$ cat final-v1.pdb   # PDB, C-alpha atoms
ATOM      1  CA  MET M   1     152.930 134.703  29.220
ATOM      2  CA  LYS M   2     154.247 138.248  29.426
ATOM      3  CA  THR M   3     152.837 140.744  26.919
ATOM      4  CA  PRO M   4     155.230 142.855  24.798
ATOM      5  CA  GLN M   5     154.297 145.864  26.953
ATOM      6  CA  TYR M   6     155.417 144.153  30.159
ATOM      7  CA  GLN M   7     158.482 142.643  28.504
ATOM      8  CA  ARG M   8     159.489 146.184  27.581
ATOM      9  CA  TYR M   9     158.654 147.330  31.113
ATOM     10  CA  PHE M  10     160.998 144.776  32.678
ATOM     11  CA  ALA M  11     163.751 145.359  30.123
ATOM     12  CA  ILE M  12     163.849 149.130  30.580
ATOM     13  CA  THR M  13     163.364 148.964  34.344
ATOM     14  CA  THR M  14     166.149 146.425  34.787
ATOM     15  CA  ARG M  15     168.571 148.431  32.656
ATOM     16  CA  ALA M  16     167.821 151.612  34.575
ATOM     17  CA  LEU M  17     168.209 149.921  37.956
ATOM     18  CA  LEU M  18     171.410 148.167  36.927
ATOM     19  CA  VAL M  19     173.018 151.365  35.647
ATOM     20  CA  TRP M  20     172.119 153.101  38.896
ATOM     21  CA  ALA M  21     173.366 150.248  41.061
ATOM     22  CA  LEU M  22     176.695 149.937  39.275
ATOM     23  CA  ALA M  23     177.274 153.664  39.380
ATOM     24  CA  LEU M  24     176.441 153.756  43.083
ATOM     25  CA  LEU M  25     178.187 150.641  44.318
ATOM     26  CA  GLY M  26     180.724 149.709  41.670
ATOM     27  CA  ALA M  27     180.827 146.547  39.592
ATOM     28  CA  ALA M  28     183.642 144.583  41.194
ATOM     29  CA  ALA M  29     183.453 140.848  40.594
ATOM     30  CA  ALA M  30     182.554 138.344  43.319
ATOM     31  CA  GLN M  31     180.552 140.913  45.271
ATOM     32  CA  PRO M  32     176.929 140.369  46.328
ATOM     33  CA  LEU M  33     174.319 141.724  43.956
ATOM     34  CA  PRO M  34     173.973 145.493  44.297
ATOM     35  CA  VAL M  35     170.843 146.444  46.225
ATOM     36  CA  VAL M  36     168.579 149.173  44.887
ATOM     37  CA  ASP M  37     165.698 150.480  47.003
ATOM     38  CA  VAL M  38     162.696 151.536  44.920
ATOM     39  CA  VAL M  39     159.518 153.256  46.107
ATOM     40  CA  ILE M  40     156.323 152.295  44.268
ATOM     41  CA  GLY M  41     152.599 152.894  44.641
ATOM     42  CA  ASN M  42     150.070 150.516  46.137
ATOM     43  CA  ASN M  43     148.103 150.101  42.913
ATOM     44  CA  PHE M  44     147.841 147.912  39.827
ATOM     45  CA  GLY M  45     149.994 150.264  37.776
ATOM     46  CA  HIS M  46     153.017 149.017  39.712
ATOM     47  CA  LEU M  47     152.102 145.328  39.506
ATOM     48  CA  PRO M  48     155.036 144.509  37.178
ATOM     49  CA  MET M  49     157.477 145.600  39.891
ATOM     50  CA  PHE M  50     155.944 143.152  42.373
ATOM     51  CA  VAL M  51     156.066 140.396  39.754
ATOM     52  CA  GLY M  52     159.662 141.227  38.852
ATOM     53  CA  VAL M  53     160.795 140.885  42.457
ATOM     54  CA  GLU M  54     158.664 137.816  43.196
ATOM     55  CA  LYS M  55     159.828 135.943  40.089
ATOM     56  CA  GLY M  56     163.459 136.970  40.454
ATOM     57  CA  PHE M  57     163.610 138.798  37.120
ATOM     58  CA  PHE M  58     165.762 141.618  38.479
ATOM     59  CA  LYS M  59     168.186 139.308  40.300
ATOM     60  CA  LYS M  60     168.546 137.293  37.116
ATOM     61  CA  HIS M  61     169.930 140.415  35.483
ATOM     62  CA  GLY M  62     172.195 141.423  38.348
ATOM     63  CA  VAL M  63     170.134 143.708  40.593
ATOM     64  CA  ASP M  64     168.608 142.968  44.011
ATOM     65  CA  VAL M  65     165.540 145.223  44.120
ATOM     66  CA  HIS M  66     163.941 146.064  47.473
ATOM     67  CA  LEU M  67     160.487 147.649  47.285
ATOM     68  CA  LYS M  68     159.006 150.285  49.566
ATOM     69  CA  VAL M  69     155.237 150.435  49.005
ATOM     70  CA  VAL M  70     153.318 153.662  49.687
ATOM     71  CA  ASN M  71     149.829 154.973  48.952
ATOM     72  CA  THR M  72     150.403 158.345  47.281
ATOM     73  CA  GLY M  73     152.791 160.260  45.079
ATOM     74  CA  SER M  74     153.515 162.584  47.981
ATOM     75  CA  ASP M  75     154.665 159.575  50.004
ATOM     76  CA  MET M  76     156.993 158.623  47.144
ATOM     77  CA  VAL M  77     158.546 162.070  47.095
ATOM     78  CA  ALA M  78     158.959 162.017  50.879
ATOM     79  CA  ALA M  79     160.761 158.655  50.724
ATOM     80  CA  MET M  80     163.197 160.031  48.170
ATOM     81  CA  GLN M  81     163.712 163.266  50.081
ATOM     82  CA  LYS M  82     164.592 161.264  53.198
ATOM     83  CA  ARG M  83     166.941 159.087  51.098
ATOM     84  CA  GLU M  84     165.078 155.946  52.128
ATOM     85  CA  VAL M  85     165.204 154.878  48.473
ATOM     86  CA  GLN M  86     167.321 155.618  45.427
ATOM     87  CA  ILE M  87     164.613 155.366  42.772
ATOM     88  CA  GLY M  88     160.928 156.256  42.599
ATOM     89  CA  ASP M  89     158.586 154.578  40.107
ATOM     90  CA  MET M  90     156.269 157.586  39.965
ATOM     91  CA  SER M  91     153.859 159.308  37.628
ATOM     92  CA  VAL M  92     154.791 162.295  35.503
ATOM     93  CA  THR M  93     152.465 164.421  37.654
ATOM     94  CA  THR M  94     154.319 163.502  40.837
ATOM     95  CA  PHE M  95     157.714 164.058  39.217
ATOM     96  CA  LEU M  96     156.841 167.493  37.834
ATOM     97  CA  LYS M  97     155.353 168.576  41.150
ATOM     98  CA  ALA M  98     158.548 167.522  42.939
ATOM     99  CA  ARG M  99     160.758 169.314  40.424
ATOM    100  CA  HIS M 100     158.654 172.455  40.695
ATOM    101  CA  GLY M 101     159.151 172.286  44.453
ATOM    102  CA  GLY M 102     162.919 172.237  44.022
ATOM    103  CA  ASP M 103     163.716 168.537  44.377
ATOM    104  CA  PRO M 104     166.747 167.565  42.229
ATOM    105  CA  PHE M 105     165.150 164.441  40.776
ATOM    106  CA  ARG M 106     166.028 163.151  37.290
ATOM    107  CA  VAL M 107     164.142 160.916  34.872
ATOM    108  CA  ILE M 108     166.218 157.818  34.064
ATOM    109  CA  GLY M 109     163.615 155.967  32.021
ATOM    110  CA  ILE M 110     159.992 155.872  30.864
ATOM    111  CA  ILE M 111     158.894 152.384  31.820
ATOM    112  CA  GLN M 112     155.138 152.142  31.237
ATOM    113  CA  ASN M 113     154.970 153.817  27.856
ATOM    114  CA  ASP M 114     156.863 156.137  25.587
ATOM    115  CA  ALA M 115     157.101 159.888  26.040
ATOM    116  CA  THR M 116     154.462 160.692  23.408
ATOM    117  CA  ARG M 117     151.551 158.760  24.859
ATOM    118  CA  SER M 118     150.417 157.483  28.233
ATOM    119  CA  ASN M 119     148.171 154.717  29.539
ATOM    120  CA  ALA M 120     148.284 156.088  33.075
ATOM    121  CA  ASP M 121     144.575 156.932  33.055
ATOM    122  CA  GLU M 122     143.420 153.420  32.099
ATOM    123  CA  PRO M 123     142.950 152.173  35.697
ATOM    124  CA  LEU M 124     141.383 155.475  36.809
ATOM    125  CA  ALA M 125     137.632 155.860  37.201
ATOM    126  CA  ILE M 126     134.982 158.223  38.524
ATOM    127  CA  VAL M 127     132.756 156.220  40.871
ATOM    128  CA  ALA M 128     129.447 157.680  42.110
ATOM    129  CA  ARG M 129     126.880 156.734  44.744
ATOM    130  CA  LYS M 130     123.719 155.150  43.351
ATOM    131  CA  ASP M 131     121.587 157.789  45.073
ATOM    132  CA  SER M 132     123.736 160.724  43.943
ATOM    133  CA  GLY M 133     121.765 161.494  40.800
ATOM    134  CA  ILE M 134     124.928 161.041  38.739
ATOM    135  CA  ARG M 135     124.141 158.881  35.723
ATOM    136  CA  PRO M 136     126.722 156.560  34.136
ATOM    137  CA  GLY M 137     128.638 158.400  31.436
ATOM    138  CA  ASN M 138     127.036 161.761  32.248
ATOM    139  CA  ILE M 139     129.933 163.835  33.544
ATOM    140  CA  GLU M 140     127.706 166.918  33.482
ATOM    141  CA  ASP M 141     125.756 165.443  36.409
ATOM    142  CA  LEU M 142     128.797 166.129  38.609
ATOM    143  CA  LYS M 143     128.070 169.859  38.580
ATOM    144  CA  GLY M 144     127.501 171.048  42.136
ATOM    145  CA  LYS M 145     128.409 167.633  43.573
ATOM    146  CA  ARG M 146     131.061 166.743  46.159
ATOM    147  CA  VAL M 147     133.921 164.815  44.574
ATOM    148  CA  GLY M 148     136.581 163.089  46.653
ATOM    149  CA  LEU M 149     140.087 162.768  45.248
ATOM    150  CA  ALA M 150     143.756 163.220  46.087
ATOM    151  CA  GLN M 151     144.567 166.772  45.061
ATOM    152  CA  ALA M 152     147.744 167.567  43.129
ATOM    153  CA  GLN M 153     148.074 163.894  42.204
ATOM    154  CA  THR M 154     147.563 162.031  38.926
ATOM    155  CA  SER M 155     143.873 161.393  39.628
ATOM    156  CA  ASP M 156     143.356 165.134  40.126
ATOM    157  CA  GLU M 157     144.906 165.980  36.747
ATOM    158  CA  TYR M 158     142.888 163.192  35.128
ATOM    159  CA  PHE M 159     139.674 164.627  36.579
ATOM    160  CA  LYS M 160     140.498 168.153  35.365
ATOM    161  CA  MET M 161     141.042 166.759  31.866
ATOM    162  CA  VAL M 162     137.712 164.906  31.909
ATOM    163  CA  LEU M 163     135.854 168.036  33.032
ATOM    164  CA  SER M 164     137.554 170.167  30.393
ATOM    165  CA  ARG M 165     136.606 167.765  27.616
ATOM    166  CA  ARG M 166     132.973 168.063  28.693
ATOM    167  CA  GLY M 167     133.089 171.855  28.768
ATOM    168  CA  MET M 168     133.131 172.030  32.569
ATOM    169  CA  LYS M 169     135.413 173.798  35.015
ATOM    170  CA  TYR M 170     137.119 172.457  38.122
ATOM    171  CA  GLU M 171     135.154 175.028  40.112
ATOM    172  CA  ASP M 172     131.870 173.469  38.952
ATOM    173  CA  VAL M 173     132.288 170.761  41.592
ATOM    174  CA  THR M 174     133.142 170.810  45.289
ATOM    175  CA  ILE M 175     136.459 169.036  45.778
ATOM    176  CA  VAL M 176     136.978 167.045  48.972
ATOM    177  CA  ASN M 177     140.689 166.341  49.371
ATOM    178  CA  ILE M 178     141.234 162.705  50.404
ATOM    179  CA  MET M 179     144.943 161.927  50.271
ATOM    180  CA  ALA M 180     144.748 158.342  51.573
ATOM    181  CA  PRO M 181     143.365 156.133  48.754
ATOM    182  CA  PRO M 182     141.902 153.514  51.153
ATOM    183  CA  ALA M 183     139.707 156.303  52.582
ATOM    184  CA  LEU M 184     137.974 157.001  49.258
ATOM    185  CA  ALA M 185     135.474 154.120  49.365
ATOM    186  CA  PRO M 186     134.451 154.729  53.028
ATOM    187  CA  ALA M 187     133.899 158.428  52.267
ATOM    188  CA  LEU M 188     131.628 157.450  49.383
ATOM    189  CA  LYS M 189     129.777 154.837  51.414
ATOM    190  CA  ASP M 190     129.235 157.196  54.351
ATOM    191  CA  GLY M 191     127.837 159.921  52.116
ATOM    192  CA  LYS M 192     130.657 162.389  52.743
ATOM    193  CA  VAL M 193     131.048 162.714  48.973
ATOM    194  CA  ASP M 194     128.823 162.044  45.976
ATOM    195  CA  ALA M 195     131.605 160.602  43.835
ATOM    196  CA  VAL M 196     135.293 159.767  43.992
ATOM    197  CA  VAL M 197     138.119 159.688  41.472
ATOM    198  CA  SER M 198     139.908 156.448  42.211
ATOM    199  CA  TRP M 199     142.003 153.677  40.676
ATOM    200  CA  GLU M 200     142.511 149.948  41.045
ATOM    201  CA  PRO M 201     142.479 148.161  43.399
ATOM    202  CA  PHE M 202     140.501 150.847  45.251
ATOM    203  CA  ASN M 203     137.776 151.003  42.560
ATOM    204  CA  SER M 204     136.845 147.386  43.195
TER     205      SER M 204
END
$ encode --input "final-v1.pdb" --output "C-alpha coordinates"
Amino acid sequence: MKTPQYQRYFAITTRALLVWALALLGAAAAQPLPVVDVVIGNNFGHLPMFVGVEKGFFKKHGVDVHLKVVNTGSDMVAAMQKREVQIGDMSVTTFLKARHGGDPFRVIGIIQNDATRSNADEPLAIVARKDSGIRPGNIEDLKGKRVGLAQAQTSDEYFKMVLSRRGMKYEDVTIVNIMAPPALAPALKDGKVDAVVSWEPFNS
(Lines of atoms letter the chains of each structure in order from A and count residues from 1; the text may use other names and numbers.)
(Lines give C-alpha, C1' and ligand atoms only; values in the text may rest on other atoms or scores of the structure.)
Protein backbone atom coordinates (compact mmCIF):
# COMPACT_ATOMS: atom_id res chain seq x y z
CA MET A 1 0.00 0.00 0.00
CA LYS A 2 1.35 3.41 -0.94
CA THR A 3 1.75 5.93 1.88
CA PRO A 4 0.23 9.43 1.53
CA GLN A 5 3.76 10.79 1.03
CA TYR A 6 4.40 8.55 -1.97
CA GLN A 7 0.90 9.08 -3.35
CA ARG A 8 1.66 12.79 -3.33
CA TYR A 9 5.06 12.09 -4.89
CA PHE A 10 3.52 10.24 -7.83
CA ALA A 11 0.71 12.75 -8.27
CA ILE A 12 2.98 15.79 -8.42
CA THR A 13 5.65 14.03 -10.47
CA THR A 14 3.15 12.78 -13.03
CA ARG A 15 1.54 16.21 -13.41
CA ALA A 16 4.92 17.87 -13.88
CA LEU A 17 6.06 15.30 -16.44
CA LEU A 18 2.78 15.44 -18.33
CA VAL A 19 2.81 19.23 -18.57
CA TRP A 20 6.37 19.11 -19.86
CA ALA A 21 5.64 16.36 -22.36
CA LEU A 22 2.56 18.04 -23.79
CA ALA A 23 4.32 21.36 -24.09
CA LEU A 24 7.27 19.71 -25.81
CA LEU A 25 5.53 17.28 -28.12
CA GLY A 26 1.95 18.47 -28.42
CA ALA A 27 -1.19 16.64 -27.35
CA ALA A 28 -2.63 15.44 -30.64
CA ALA A 29 -4.93 12.45 -30.32
CA ALA A 30 -3.99 8.96 -31.52
CA GLN A 31 -0.27 9.62 -31.09
CA PRO A 32 2.02 7.38 -29.02
CA LEU A 33 2.51 8.44 -25.43
CA PRO A 34 4.94 11.35 -25.17
CA VAL A 35 8.35 10.22 -23.95
CA VAL A 36 10.09 12.17 -21.20
CA ASP A 37 13.70 11.37 -20.28
CA VAL A 38 14.43 11.91 -16.59
CA VAL A 39 17.79 11.70 -14.81
CA ILE A 40 17.70 10.38 -11.24
CA GLY A 41 20.20 9.32 -8.59
CA ASN A 42 21.23 5.79 -7.75
CA ASN A 43 19.88 5.92 -4.20
CA PHE A 44 16.78 5.15 -2.15
CA GLY A 45 15.56 8.73 -2.35
CA HIS A 46 14.62 8.09 -5.98
CA LEU A 47 12.98 4.72 -5.35
CA PRO A 48 9.47 6.03 -6.16
CA MET A 49 10.60 6.84 -9.70
CA PHE A 50 11.74 3.25 -10.25
CA VAL A 51 8.45 1.97 -8.83
CA GLY A 52 6.43 4.39 -10.96
CA VAL A 53 8.07 3.15 -14.15
CA GLU A 54 8.02 -0.52 -13.17
CA LYS A 55 4.34 -0.47 -12.17
CA GLY A 56 3.25 1.63 -15.13
CA PHE A 57 1.93 4.50 -13.01
CA PHE A 58 3.23 7.18 -15.37
CA LYS A 59 1.96 5.46 -18.52
CA LYS A 60 -1.43 5.11 -16.87
CA HIS A 61 -1.57 8.89 -16.71
CA GLY A 62 -0.29 9.51 -20.22
CA VAL A 63 3.50 9.80 -19.95
CA ASP A 64 6.17 7.29 -21.02
CA VAL A 65 9.04 7.98 -18.61
CA HIS A 66 12.56 6.80 -19.48
CA LEU A 67 15.07 6.90 -16.63
CA LYS A 68 18.77 7.68 -16.80
CA VAL A 69 20.43 6.59 -13.55
CA VAL A 70 23.60 8.32 -12.33
CA ASN A 71 25.62 8.38 -9.12
CA THR A 72 26.02 12.07 -8.29
CA GLY A 73 24.34 15.43 -8.61
CA SER A 74 27.14 16.56 -10.89
CA ASP A 75 26.29 13.69 -13.23
CA MET A 76 22.66 14.87 -13.24
CA VAL A 77 23.67 18.38 -14.20
CA ALA A 78 25.95 17.05 -16.95
CA ALA A 79 23.12 14.96 -18.42
CA MET A 80 20.89 18.02 -18.57
CA GLN A 81 23.63 20.22 -20.01
CA LYS A 82 24.18 17.67 -22.79
CA ARG A 83 20.40 17.53 -23.37
CA GLU A 84 20.37 13.79 -22.78
CA VAL A 85 17.29 14.33 -20.59
CA GLN A 86 14.56 16.92 -20.22
CA ILE A 87 14.06 16.69 -16.46
CA GLY A 88 16.33 16.10 -13.48
CA ASP A 89 14.98 14.75 -10.18
CA MET A 90 17.69 16.45 -8.15
CA SER A 91 18.31 17.88 -4.71
CA VAL A 92 18.01 21.56 -3.89
CA THR A 93 21.78 21.65 -3.37
CA THR A 94 22.45 20.36 -6.88
CA PHE A 95 19.91 22.74 -8.41
CA LEU A 96 21.28 25.83 -6.66
CA LYS A 97 24.85 24.91 -7.59
CA ALA A 98 23.82 24.56 -11.24
CA ARG A 99 21.96 27.87 -11.22
CA HIS A 100 24.91 29.61 -9.61
CA GLY A 101 27.07 28.23 -12.40
CA GLY A 102 24.80 29.78 -15.02
CA ASP A 103 22.65 26.83 -16.06
CA PRO A 104 19.12 27.98 -17.06
CA PHE A 105 17.31 25.30 -15.09
CA ARG A 106 13.84 25.88 -13.60
CA VAL A 107 12.00 24.20 -10.73
CA ILE A 108 8.73 22.68 -11.98
CA GLY A 109 7.72 20.91 -8.78
CA ILE A 110 8.78 19.90 -5.27
CA ILE A 111 8.12 16.17 -5.24
CA GLN A 112 9.54 14.76 -2.00
CA ASN A 113 8.27 17.40 0.39
CA ASP A 114 7.02 20.94 0.52
CA ALA A 115 9.21 24.02 0.26
CA THR A 116 9.25 24.70 4.01
CA ARG A 117 10.69 21.41 5.20
CA SER A 118 12.85 18.61 3.84
CA ASN A 119 13.40 14.93 4.57
CA ALA A 120 16.43 14.78 2.30
CA ASP A 121 18.79 14.09 5.20
CA GLU A 122 16.87 11.05 6.50
CA PRO A 123 18.85 8.45 4.48
CA LEU A 124 22.17 10.21 5.16
CA ALA A 125 24.58 8.96 7.80
CA ILE A 126 28.10 9.44 9.12
CA VAL A 127 29.75 6.01 9.21
CA ALA A 128 33.07 5.51 11.03
CA ARG A 129 35.65 2.73 11.26
CA LYS A 130 35.51 0.73 14.49
CA ASP A 131 39.17 1.48 15.17
CA SER A 132 38.88 5.20 14.41
CA GLY A 133 38.21 6.30 17.97
CA ILE A 134 34.96 7.91 16.84
CA ARG A 135 32.20 6.94 19.26
CA PRO A 136 28.56 6.57 18.16
CA GLY A 137 26.75 9.88 18.53
CA ASN A 138 29.92 11.79 19.42
CA ILE A 139 30.40 14.15 16.49
CA GLU A 140 33.16 15.92 18.41
CA ASP A 141 35.34 12.82 17.95
CA LEU A 142 35.59 13.72 14.25
CA LYS A 143 37.95 16.60 15.03
CA GLY A 144 41.25 16.02 13.26
CA LYS A 145 39.91 12.94 11.45
CA ARG A 146 39.79 12.22 7.72
CA VAL A 147 36.22 12.29 6.43
CA GLY A 148 35.30 11.05 2.96
CA LEU A 149 32.37 12.65 1.16
CA ALA A 150 31.28 14.11 -2.16
CA GLN A 151 32.07 17.80 -1.93
CA ALA A 152 29.57 20.41 -3.08
CA GLN A 153 26.81 17.80 -2.95
CA THR A 154 23.89 17.28 -0.56
CA SER A 155 25.93 15.07 1.78
CA ASP A 156 28.53 17.84 2.07
CA GLU A 157 25.93 20.43 3.09
CA TYR A 158 24.40 17.93 5.52
CA PHE A 159 27.80 17.36 7.13
CA LYS A 160 28.45 21.11 7.47
CA MET A 161 25.09 21.48 9.22
CA VAL A 162 25.85 18.63 11.64
CA LEU A 163 29.24 20.14 12.52
CA SER A 164 27.74 23.58 13.03
CA ARG A 165 25.09 22.26 15.40
CA ARG A 166 27.85 20.72 17.51
CA GLY A 167 29.87 23.93 17.58
CA MET A 168 32.48 22.64 15.13
CA LYS A 169 33.88 24.07 11.91
CA TYR A 170 34.35 22.40 8.54
CA GLU A 171 38.07 23.06 8.92
CA ASP A 172 38.16 20.94 12.09
CA VAL A 173 38.26 17.81 9.93
CA THR A 174 40.31 16.77 6.91
CA ILE A 175 37.96 16.35 3.95
CA VAL A 176 38.76 13.65 1.40
CA ASN A 177 36.73 14.32 -1.74
CA ILE A 178 35.19 11.07 -3.02
CA MET A 179 32.76 11.87 -5.82
CA ALA A 180 31.81 8.28 -6.71
CA PRO A 181 29.46 6.97 -3.97
CA PRO A 182 30.42 3.29 -4.53
CA ALA A 183 34.00 4.26 -3.61
CA LEU A 184 33.05 5.46 -0.11
CA ALA A 185 32.88 2.04 1.57
CA PRO A 186 36.18 0.77 0.04
CA ALA A 187 37.94 3.96 1.16
CA LEU A 188 36.67 3.37 4.69
CA LYS A 189 37.58 -0.31 4.66
CA ASP A 190 41.08 0.36 3.33
CA GLY A 191 41.77 2.97 5.99
CA LYS A 192 42.05 5.89 3.56
CA VAL A 193 39.51 7.74 5.70
CA ASP A 194 38.31 7.48 9.28
CA ALA A 195 34.67 8.14 8.44
CA VAL A 196 32.41 8.78 5.47
CA VAL A 197 29.23 10.75 4.91
CA SER A 198 27.06 8.41 2.89
CA TRP A 199 23.46 7.46 2.11
CA GLU A 200 21.45 4.37 1.27
CA PRO A 201 22.08 1.96 -0.31
CA PHE A 202 25.78 2.76 0.17
CA ASN A 203 25.48 2.88 3.99
CA SER A 204 24.45 -0.76 4.09
$ resolve_selection --input "final-v1.pdb" --expression "the PyMOL selection byres ((chain M and resi 187) around 12)" --output "list of chain:residue names"
M:Val127, M:Ala128, M:Arg129, M:Arg146, M:Val147, M:Gly148, M:Leu149, M:Val176, M:Asn177, M:Ile178, M:Met179, M:Ala180, M:Pro181, M:Pro182, M:Ala183, M:Leu184, M:Ala185, M:Pro186, M:Leu188, M:Lys189, M:Asp190, M:Gly191, M:Lys192, M:Val193, M:Asp194, M:Ala195, M:Val196, M:Val197, M:Ser198
$ closest_residue --input "final-v1.pdb" --among "M:Val39, M:Val107, M:Ile175, M:Leu163" --to "Val77 in chain M" --atoms "all atoms listed in the file"
M:Val39
$ resolve_selection --input "final-v1.pdb" --expression "the PyMOL selection byres ((chain M and resi 144) around 7)" --output "list of chain:residue names"
M:Leu142, M:Lys143, M:Lys145, M:Arg146, M:Asp172, M:Val173, M:Thr174
$ resolve_selection --input "final-v1.pdb" --expression "the PyMOL selection byres ((chain M and resi 84-93) around 6)" --output "PyMOL selection string"
chain M and resi 37-40+79-80+82-83+94-96+154
$ atom_distance --input "final-v1.pdb" --atom1 "CA of Gly109 in chain M" --atom2 "CA of Val63 in chain M"
16.3 Å
$ atom_distance --input "final-v1.pdb" --atom1 "CA of Lys68 in chain M" --atom2 "CA of Ile126 in chain M"
27.6 Å
$ atom_distance --input "final-v1.pdb" --atom1 "CA of Met168 in chain M" --atom2 "CA of Lys97 in chain M"
24.1 Å
$ axis_aligned_box --input "final-v1.pdb" --around "range 93-108 of chain M" --padding-each-side "8 Å" --output "AutoDock Vina command-line options"
--center_x 159.6 --center_y 165.1 --center_z 39.3 --size_x 30.3 --size_y 30.6 --size_z 26.4
$ residues_near_point --input "final-v1.pdb" --point "(132.3, 169.4, 31.1)" --cutoff "10 Å" --atoms "only C-alpha atoms" --output "PyMOL selection string"
chain M and resi 138-143+160-170+172
$ write_last_selection --input "final-v1.pdb" --atoms "C-alpha atoms" --output "mmCIF file, in the frame of the given file"
data_model
loop_
_atom_site.group_PDB
_atom_site.id
_atom_site.type_symbol
_atom_site.label_atom_id
_atom_site.label_comp_id
_atom_site.auth_asym_id
_atom_site.auth_seq_id
_atom_site.Cartn_x
_atom_site.Cartn_y
_atom_site.Cartn_z
ATOM 1 C CA ASN M 138 127.036 161.761 32.248
ATOM 2 C CA ILE M 139 129.933 163.835 33.544
ATOM 3 C CA GLU M 140 127.706 166.918 33.482
ATOM 4 C CA ASP M 141 125.756 165.443 36.409
ATOM 5 C CA LEU M 142 128.797 166.129 38.609
ATOM 6 C CA LYS M 143 128.070 169.859 38.580
ATOM 7 C CA LYS M 160 140.498 168.153 35.365
ATOM 8 C CA MET M 161 141.042 166.759 31.866
ATOM 9 C CA VAL M 162 137.712 164.906 31.909
ATOM 10 C CA LEU M 163 135.854 168.036 33.032
ATOM 11 C CA SER M 164 137.554 170.167 30.393
ATOM 12 C CA ARG M 165 136.606 167.765 27.616
ATOM 13 C CA ARG M 166 132.973 168.063 28.693
ATOM 14 C CA GLY M 167 133.089 171.855 28.768
ATOM 15 C CA MET M 168 133.131 172.030 32.569
ATOM 16 C CA LYS M 169 135.413 173.798 35.015
ATOM 17 C CA TYR M 170 137.119 172.457 38.122
ATOM 18 C CA ASP M 172 131.870 173.469 38.952
#
$ closest_residue --input "final-v1.pdb" --among "M:Phe57, M:Phe159, M:Trp199, M:Phe50" --to "Leu124 in chain M" --atoms "only C-alpha atoms"
M:Trp199
